[in-house]
Structures are given as structure tokens and as C-alpha cells.
Amino acid sequence: MTAISLGMPDVPTKLADRRKSRQIQVGSVAVGGDAPVSVQSMTTTRTSDIGATLQQIAELTASGCQIVRVACPTQDDADALPVIAKKSQIPVIADIHFQPKYVFAAIDAGCAAVRVNPGNIKQFDDKVKEIAKAAAASGVPIRIGVNAGSLDRRLLEKYGKATPEALVESALWEASLFEEHDFRDIKISVKHNDPVVMVNAYRLLAQKCDYPLHLGVTEAGPAFQGTIKSAVAFGALLSEGIGDTIRVSLSAPPAEEVKVGIQILESLNLRQRRLEIVSCPSCGRAQVDVYKLADEVTAGLEGMEVPLRVAVMGCVVNGPGEAREADLGVASGNGKGQIFVKGEVIKTVPESKIVETLIDEAMKLAEQMEKAGVASGEPQVSIS
């Protein structure tokens, strides 16, 4: 009789093919084309405070950020860019508003890219030729960042407000000015605080150009609200293959933006998943304290650096099935728990030993995976 594997099932690896876009190079990070979707954030320090800015960049790097943007509203900030660009562990993008002279300062400073907002840079259209020449000579890409809150006055008059059509027209108009000078090392964003407007704007933009797209819901709000808005908008677009790099905008520490961005990509299988805990919301069927169990398992496995899915289940209805499909799991009930490893029951332990046993088995699996050369940084856990 042929044995049937009850381990983790094969699942679709993606929801849709990626939109075909040209690829640009932001320092060491490829954006667009077949490059993985990257996660960005922005420092909250005064850029002129070099020490504080580099410290925050180091914290962002440790949290998984791949590209960082720094504000450059003053000459002091521009003067700090050479040191920051040189010492940052990840590519630095200079964020320029109002003064075109800082675009040239950022390019000269060695920044990996420059973000410009055509809607609020004085005499921007007249400076495009010079910017294109300087950027091309240094191999620095330009991000054309259009925001609903700073749309070009001419387009506000035409459309009445920041509609998807207005955002896209602004971005493509400015891109065309660069194209006139044979500069196409460009990525584009068309951000809005309303996820529905934002999604429609990016869908329209994706149809009209092949530039890589930077996704963002601007001014998304406090952590909870902003996370929901970003997850909804990014999920809709990324599931259609639209989007090459993302920034979750939260009224929260920048590292939190990165964590949310990474989790969104992992949830869509656009990045290998790390430790994943699958757990049920609990219900009247549960015979153990699922919340407490899940929290204790999560705390015990914090910092694990292999892709491991752990399922913690609280009843006998869905528990065995969920635990069987995970790398490691427990189906709990009647004061005890069945421990599953790779789909097989290996032991039954008292409820008081469940957490300890799961952590021990997780460590064994992690050691086996590391010896087998499994990429670090992606574990998974399930709890129901």
C-alpha cells in the first residue's frame, strides 16, 4: 500500500503574474522587472542630525527595510547627505520638495535615487533638462512622486480634485518631460489617502506606462487604521501583479512600517514566510485557553530564523487538520495536546507541557532546516 504524505500541501505560489515593467537600480536594490517587491520606509529624524539619522537607518535595516528615504527641506539637510549616503547600510533616497537645487545636491552627494514632487517644486518643468543630465551622468534614478495633497494647481483646476485621472496625468506629464531628454530611469508613485482612489489610480497608471511603480497610501493614519488601509490597497494591487516596491505610511515608528510591509508581502507569498503562527480566534468549542497558549508559543519562538509554520489549535473540530498541515502543531482538548510534526502525531502531552514541548520540537526542526541549508529568516506557526 502506497503511503500518503500528510505534510504541508502544495499551494499556489502567486495570485497573478507580475505586470511587466522596466527595471531600475536603486543602489544595490533592483526595482521592477522580475526583481522581488522591496520594502521601503522613511526616517523621522532631522536629516541634518547625522548621528540620529544613521542610528534610525540602522534600526530600519535591522527590521528588514531595503531602501530608506530621508527628507531634505533645508541646506543643512543637503549638506548632511554625503555622509549619510556613504555610511548607510541600505540605499538612501533624498526626498525633495519646493527647491530644485536640492535635487542636484542629492545627486552630487551620492544618493541612490531622488524623489521629486512635481506639484510643489518651483519651476520644476524648466529644470528637467538639467536634472535629467545630472541624474544620467551619475546613474541616479528619479522617482516621480505625485500626492493628492500636493497636486499641481493646473490639474486641480482641470479635474476639481485629486481624482485617479488627475494623479496619473500629473505623473505621466512629468515623465514625458524626462523622456524628451531621453531619460527613462524612472519609477512613479500616485499616492492618495483613500485606498479606493489610490487603487484606481495605480490600475490606470499600470495600463499607461511600463515604469516600475512604488505603492503607498499616503497619510494612512495611526498604526491600526493605517495598517488596514495599506493591507487592503496593497493586497488589491499586488494580487493583480501591480507594484514593485512599497512603503506603509503610519503615524508610528518607521520600523513598524517595515514590519507591516514585510507581513503583507509574506501573506501574498511575494516573500518567503518567516515564523508563522496559525491560531484560531477561539470559540465555545475550545477546551484550552487558546489566547494564552498562542502568546506563550509566540514568545518562546521569538527570534527564530527559519521558515517554520506552527499551528496551535484549541479544539478537536479543526485542530487535527490544521496541526497536520503545519510543520509543527498541537491539537488540544480534554486537558492534553496531540503534538504533530510534519503531519504525523509524535506524542500526546498534558496541557501543562504543550508550550514546552512545542518549543523543544521547534528547535529540533530549526536545527534540521539549518543543516539542510534552508534559507534563514522565514519561520511559520499556526494556532487555533
# chains A, B, ... in the order shown; residues from 1 in each chain; ligands from 1

$ closest_atom_pairs --of "region 18-68 of chain A" --to "region 244-263 of chain A" --cutoff "7 Å" --atoms "only C-alpha atoms" --output "Markdown table"
| residue | atom | partner | partner_atom | distance |
| --- | --- | --- | --- | --- |
| A:Val31 | CA | A:Asp244 | CA | 6.1 |
| A:Gly32 | CA | A:Asp244 | CA | 5.2 |
| A:Val37 | CA | A:Asp244 | CA | 4.8 |
| A:Ser38 | CA | A:Thr245 | CA | 4.6 |
| A:Val39 | CA | A:Ile246 | CA | 5.2 |
| A:Gln40 | CA | A:Arg247 | CA | 4.9 |
| A:Ser41 | CA | A:Arg247 | CA | 5.6 |
| A:Met42 | CA | A:Pro254 | CA | 6.6 |
| A:Thr43 | CA | A:Pro254 | CA | 6.7 |
| A:Leu60 | CA | A:Ala255 | CA | 5.4 |
| A:Ser63 | CA | A:Ala255 | CA | 6.1 |
| A:Gly64 | CA | A:Val258 | CA | 6.6 |
| A:Cys65 | CA | A:Val258 | CA | 5.8 |

$ write_last_selection --atoms "N, CA, C and O atoms" --output "mmCIF file, in the first residue's frame"
data_model
loop_
_atom_site.group_PDB
_atom_site.id
_atom_site.type_symbol
_atom_site.label_atom_id
_atom_site.label_comp_id
_atom_site.auth_asym_id
_atom_site.auth_seq_id
_atom_site.Cartn_x
_atom_site.Cartn_y
_atom_site.Cartn_z
ATOM 1 N N VAL A 31 14.704 47.338 -8.781
ATOM 2 C CA VAL A 31 13.283 47.635 -8.632
ATOM 3 C C VAL A 31 12.614 47.487 -9.989
ATOM 4 O O VAL A 31 13.037 48.088 -10.973
ATOM 5 N N GLY A 32 11.557 46.693 -10.024
ATOM 6 C CA GLY A 32 10.849 46.468 -11.280
ATOM 7 C C GLY A 32 11.363 45.241 -11.997
ATOM 8 O O GLY A 32 12.239 44.524 -11.518
ATOM 9 N N VAL A 37 9.508 42.351 -4.910
ATOM 10 C CA VAL A 37 8.936 43.597 -4.394
ATOM 11 C C VAL A 37 9.711 43.990 -3.130
ATOM 12 O O VAL A 37 9.876 43.182 -2.221
ATOM 13 N N SER A 38 10.205 45.207 -3.097
ATOM 14 C CA SER A 38 11.029 45.657 -1.974
ATOM 15 C C SER A 38 10.219 46.507 -0.993
ATOM 16 O O SER A 38 9.164 47.053 -1.341
ATOM 17 N N VAL A 39 10.731 46.615 0.232
ATOM 18 C CA VAL A 39 10.059 47.354 1.301
ATOM 19 C C VAL A 39 10.881 48.591 1.654
ATOM 20 O O VAL A 39 12.084 48.501 1.895
ATOM 21 N N GLN A 40 10.209 49.724 1.688
ATOM 22 C CA GLN A 40 10.867 50.983 1.997
ATOM 23 C C GLN A 40 10.262 51.603 3.252
ATOM 24 O O GLN A 40 9.169 51.254 3.680
ATOM 25 N N SER A 41 10.973 52.576 3.811
ATOM 26 C CA SER A 41 10.428 53.416 4.867
ATOM 27 C C SER A 41 11.121 54.776 4.773
ATOM 28 O O SER A 41 11.918 55.005 3.863
ATOM 29 N N MET A 42 10.815 55.640 5.728
ATOM 30 C CA MET A 42 11.392 56.987 5.719
ATOM 31 C C MET A 42 11.779 57.371 7.140
ATOM 32 O O MET A 42 11.054 57.073 8.093
ATOM 33 N N THR A 43 12.913 58.002 7.278
ATOM 34 C CA THR A 43 13.349 58.426 8.607
ATOM 35 C C THR A 43 12.473 59.559 9.125
ATOM 36 O O THR A 43 11.900 60.336 8.361
ATOM 37 N N LEU A 60 16.141 50.585 11.071
ATOM 38 C CA LEU A 60 15.298 50.181 9.942
ATOM 39 C C LEU A 60 15.918 49.007 9.200
ATOM 40 O O LEU A 60 15.228 48.063 8.799
ATOM 41 N N SER A 63 15.315 45.859 10.932
ATOM 42 C CA SER A 63 13.923 45.404 10.868
ATOM 43 C C SER A 63 13.558 44.838 9.498
ATOM 44 O O SER A 63 12.448 44.322 9.321
ATOM 45 N N GLY A 64 14.483 44.949 8.527
ATOM 46 C CA GLY A 64 14.236 44.386 7.206
ATOM 47 C C GLY A 64 14.010 45.397 6.107
ATOM 48 O O GLY A 64 13.738 45.031 4.957
ATOM 49 N N CYS A 65 14.109 46.685 6.421
ATOM 50 C CA CYS A 65 13.949 47.722 5.404
ATOM 51 C C CYS A 65 15.053 47.592 4.354
ATOM 52 O O CYS A 65 16.207 47.348 4.684
#

$ residues_around --residues "region 98-101 of chain A" --least-positions-apart "3" --cutoff "12 Å" --atoms "only C-alpha atoms" --output "PyMOL selection string"
chain A and resi 71-75+78+94-95+104-108+114-131+134+150

$ atom_distance --atom1 "CA of Val278 (chain A)" --atom2 "CA of Ala311 (chain A)"
4.8 Å

$ select_by_dssp --residues "region 164-344 of chain A" --states "strand (DSSP E or B)" --output "JSON, numbers by chain"
{"A": [186, 187, 188, 189, 190, 191, 192, 213, 214, 215, 217, 222, 245, 246, 247, 251, 276, 277, 278, 279, 309, 310, 311, 312, 313, 328, 329, 330, 331, 332, 333, 336, 337, 338, 339, 340, 341, 344]}

$ write_last_selection --atoms "N, CA, C and O atoms" --output "compact mmCIF listing (two decimals), in the first residue's frame"
# COMPACT_ATOMS: atom_id res chain seq x y z
N ILE A 186 13.25 55.87 -14.30
CA ILE A 186 12.19 56.49 -13.51
C ILE A 186 11.34 55.43 -12.84
O ILE A 186 11.09 54.36 -13.39
N LYS A 187 10.90 55.74 -11.63
CA LYS A 187 9.77 54.99 -11.04
C LYS A 187 8.73 56.02 -10.60
O LYS A 187 9.06 57.20 -10.39
N ILE A 188 7.50 55.57 -10.46
CA ILE A 188 6.40 56.51 -10.25
C ILE A 188 5.54 56.06 -9.07
O ILE A 188 5.31 54.87 -8.86
N SER A 189 5.04 57.04 -8.31
CA SER A 189 4.01 56.77 -7.31
C SER A 189 2.89 57.79 -7.47
O SER A 189 3.13 58.94 -7.84
N VAL A 190 1.67 57.33 -7.24
CA VAL A 190 0.49 58.22 -7.29
C VAL A 190 -0.32 57.95 -6.03
O VAL A 190 -1.30 57.22 -6.03
N LYS A 191 0.07 58.58 -4.93
CA LYS A 191 -0.49 58.24 -3.63
C LYS A 191 -1.74 59.07 -3.29
O LYS A 191 -1.88 60.22 -3.70
N HIS A 192 -2.62 58.44 -2.54
CA HIS A 192 -3.83 59.09 -2.06
C HIS A 192 -4.16 58.50 -0.70
O HIS A 192 -3.79 57.36 -0.41
N LEU A 213 6.49 50.79 -10.34
CA LEU A 213 5.57 51.57 -9.51
C LEU A 213 5.86 51.38 -8.03
O LEU A 213 6.03 50.25 -7.55
N HIS A 214 5.91 52.49 -7.31
CA HIS A 214 6.08 52.49 -5.86
C HIS A 214 4.71 52.68 -5.23
O HIS A 214 4.06 53.71 -5.47
N LEU A 215 4.24 51.70 -4.45
CA LEU A 215 2.91 51.77 -3.87
C LEU A 215 2.91 52.44 -2.52
O LEU A 215 3.82 52.23 -1.71
N VAL A 217 -0.22 54.28 0.40
CA VAL A 217 -1.42 55.02 0.80
C VAL A 217 -0.91 56.14 1.67
O VAL A 217 -0.42 55.91 2.78
N PRO A 222 -3.01 56.43 12.06
CA PRO A 222 -2.40 55.70 13.17
C PRO A 222 -2.18 54.23 12.82
O PRO A 222 -2.73 53.73 11.83
N THR A 245 7.62 48.15 -5.45
CA THR A 245 8.21 48.50 -4.16
C THR A 245 7.12 49.18 -3.35
O THR A 245 6.21 49.80 -3.92
N ILE A 246 7.16 49.04 -2.02
CA ILE A 246 6.07 49.54 -1.19
C ILE A 246 6.60 50.31 0.01
O ILE A 246 7.70 50.06 0.48
N ARG A 247 5.77 51.25 0.48
CA ARG A 247 6.03 51.91 1.75
C ARG A 247 4.70 52.04 2.49
O ARG A 247 3.74 52.61 1.99
N SER A 251 1.40 56.61 11.27
CA SER A 251 1.76 57.53 12.35
C SER A 251 2.29 56.69 13.50
O SER A 251 1.66 56.51 14.54
N GLU A 276 5.52 31.64 11.25
CA GLU A 276 4.10 31.94 11.09
C GLU A 276 3.32 31.14 12.12
O GLU A 276 3.43 29.92 12.20
N ILE A 277 2.55 31.83 12.93
CA ILE A 277 1.73 31.15 13.93
C ILE A 277 0.29 31.16 13.44
O ILE A 277 -0.30 32.22 13.25
N VAL A 278 -0.25 29.99 13.24
CA VAL A 278 -1.65 29.85 12.84
C VAL A 278 -2.44 29.50 14.08
O VAL A 278 -2.15 28.51 14.75
N SER A 279 -3.42 30.33 14.41
CA SER A 279 -4.20 30.05 15.62
C SER A 279 -5.65 30.43 15.38
O SER A 279 -5.96 31.33 14.61
N ARG A 309 6.19 26.93 10.11
CA ARG A 309 4.78 27.17 10.41
C ARG A 309 4.40 26.32 11.61
O ARG A 309 4.54 25.11 11.60
N VAL A 310 3.90 26.97 12.65
CA VAL A 310 3.48 26.28 13.87
C VAL A 310 1.99 26.53 14.08
O VAL A 310 1.56 27.67 14.10
N ALA A 311 1.24 25.46 14.25
CA ALA A 311 -0.20 25.58 14.45
C ALA A 311 -0.55 25.27 15.89
O ALA A 311 -0.18 24.23 16.42
N VAL A 312 -1.27 26.18 16.53
CA VAL A 312 -1.72 25.95 17.90
C VAL A 312 -3.24 25.97 17.88
O VAL A 312 -3.87 27.00 17.67
N MET A 313 -3.84 24.82 18.09
CA MET A 313 -5.29 24.66 17.92
C MET A 313 -5.95 24.29 19.24
O MET A 313 -5.40 23.53 20.03
N LEU A 328 4.73 22.08 12.38
CA LEU A 328 4.64 21.66 13.77
C LEU A 328 3.32 22.16 14.31
O LEU A 328 2.89 23.28 13.99
N GLY A 329 2.62 21.35 15.10
CA GLY A 329 1.34 21.82 15.59
C GLY A 329 0.86 21.04 16.79
O GLY A 329 1.41 19.98 17.15
N VAL A 330 -0.21 21.58 17.42
CA VAL A 330 -0.84 20.90 18.52
C VAL A 330 -2.35 21.00 18.36
O VAL A 330 -2.89 22.05 18.00
N ALA A 331 -3.03 19.88 18.59
CA ALA A 331 -4.49 19.85 18.66
C ALA A 331 -4.83 19.57 20.11
O ALA A 331 -4.49 18.50 20.64
N SER A 332 -5.49 20.53 20.77
CA SER A 332 -5.68 20.44 22.21
C SER A 332 -7.12 20.09 22.57
O SER A 332 -8.06 20.43 21.85
N GLY A 333 -7.28 19.43 23.71
CA GLY A 333 -8.61 19.10 24.21
C GLY A 333 -8.52 18.14 25.37
O GLY A 333 -7.58 17.34 25.47
N LYS A 336 -5.20 17.81 27.43
CA LYS A 336 -3.96 17.30 26.82
C LYS A 336 -3.86 17.80 25.39
O LYS A 336 -4.80 18.38 24.84
N GLY A 337 -2.71 17.57 24.77
CA GLY A 337 -2.50 18.02 23.40
C GLY A 337 -1.76 16.98 22.59
O GLY A 337 -0.76 16.40 23.06
N GLN A 338 -2.26 16.76 21.37
CA GLN A 338 -1.56 15.89 20.43
C GLN A 338 -0.55 16.74 19.67
O GLN A 338 -0.92 17.74 19.05
N ILE A 339 0.71 16.35 19.69
CA ILE A 339 1.77 17.09 19.02
C ILE A 339 2.02 16.48 17.64
O ILE A 339 2.28 15.28 17.51
N PHE A 340 1.91 17.32 16.60
CA PHE A 340 2.13 16.89 15.23
C PHE A 340 3.45 17.46 14.72
O PHE A 340 3.75 18.63 14.92
N VAL A 341 4.24 16.65 14.03
CA VAL A 341 5.44 17.11 13.34
C VAL A 341 5.36 16.60 11.90
O VAL A 341 5.27 15.38 11.68
N GLU A 344 2.48 14.12 11.23
CA GLU A 344 2.37 12.89 11.99
C GLU A 344 2.31 13.19 13.49
O GLU A 344 3.02 14.05 13.99

$ select_by_dssp --residues "region 102-227 of chain A" --states "alpha helix (DSSP H)" --output "JSON, numbers by chain"
{"A": [102, 103, 104, 105, 106, 107, 108, 109, 124, 125, 126, 127, 128, 129, 130, 131, 132, 133, 134, 135, 136, 137, 138, 153, 154, 155, 156, 157, 158, 159, 164, 165, 166, 167, 168, 169, 170, 171, 172, 173, 174, 175, 176, 177, 178, 179, 195, 196, 197, 198, 199, 200, 201, 202, 203, 204, 205, 206, 207, 208, 223, 224, 225, 226, 227]}

$ residues_around --residues "Gly51 (chain A)" --least-positions-apart "4" --cutoff "9 Å" --atoms "only C-alpha atoms" --output "PDB file with C-alpha atoms, in the first residue's frame"
ATOM      1  CA  GLN A  55      21.011  55.388  14.028  1.00  0.00           C
ATOM      2  CA  GLN A  56      17.439  55.227  12.758  1.00  0.00           C
ATOM      3  CA  ILE A  84      24.523  59.622   5.294  1.00  0.00           C
TER       4      ILE A  84
END

$ atom_distance --atom1 "CA of Asp182 (chain A)" --atom2 "CA of Ala132 (chain A)"
8.3 Å
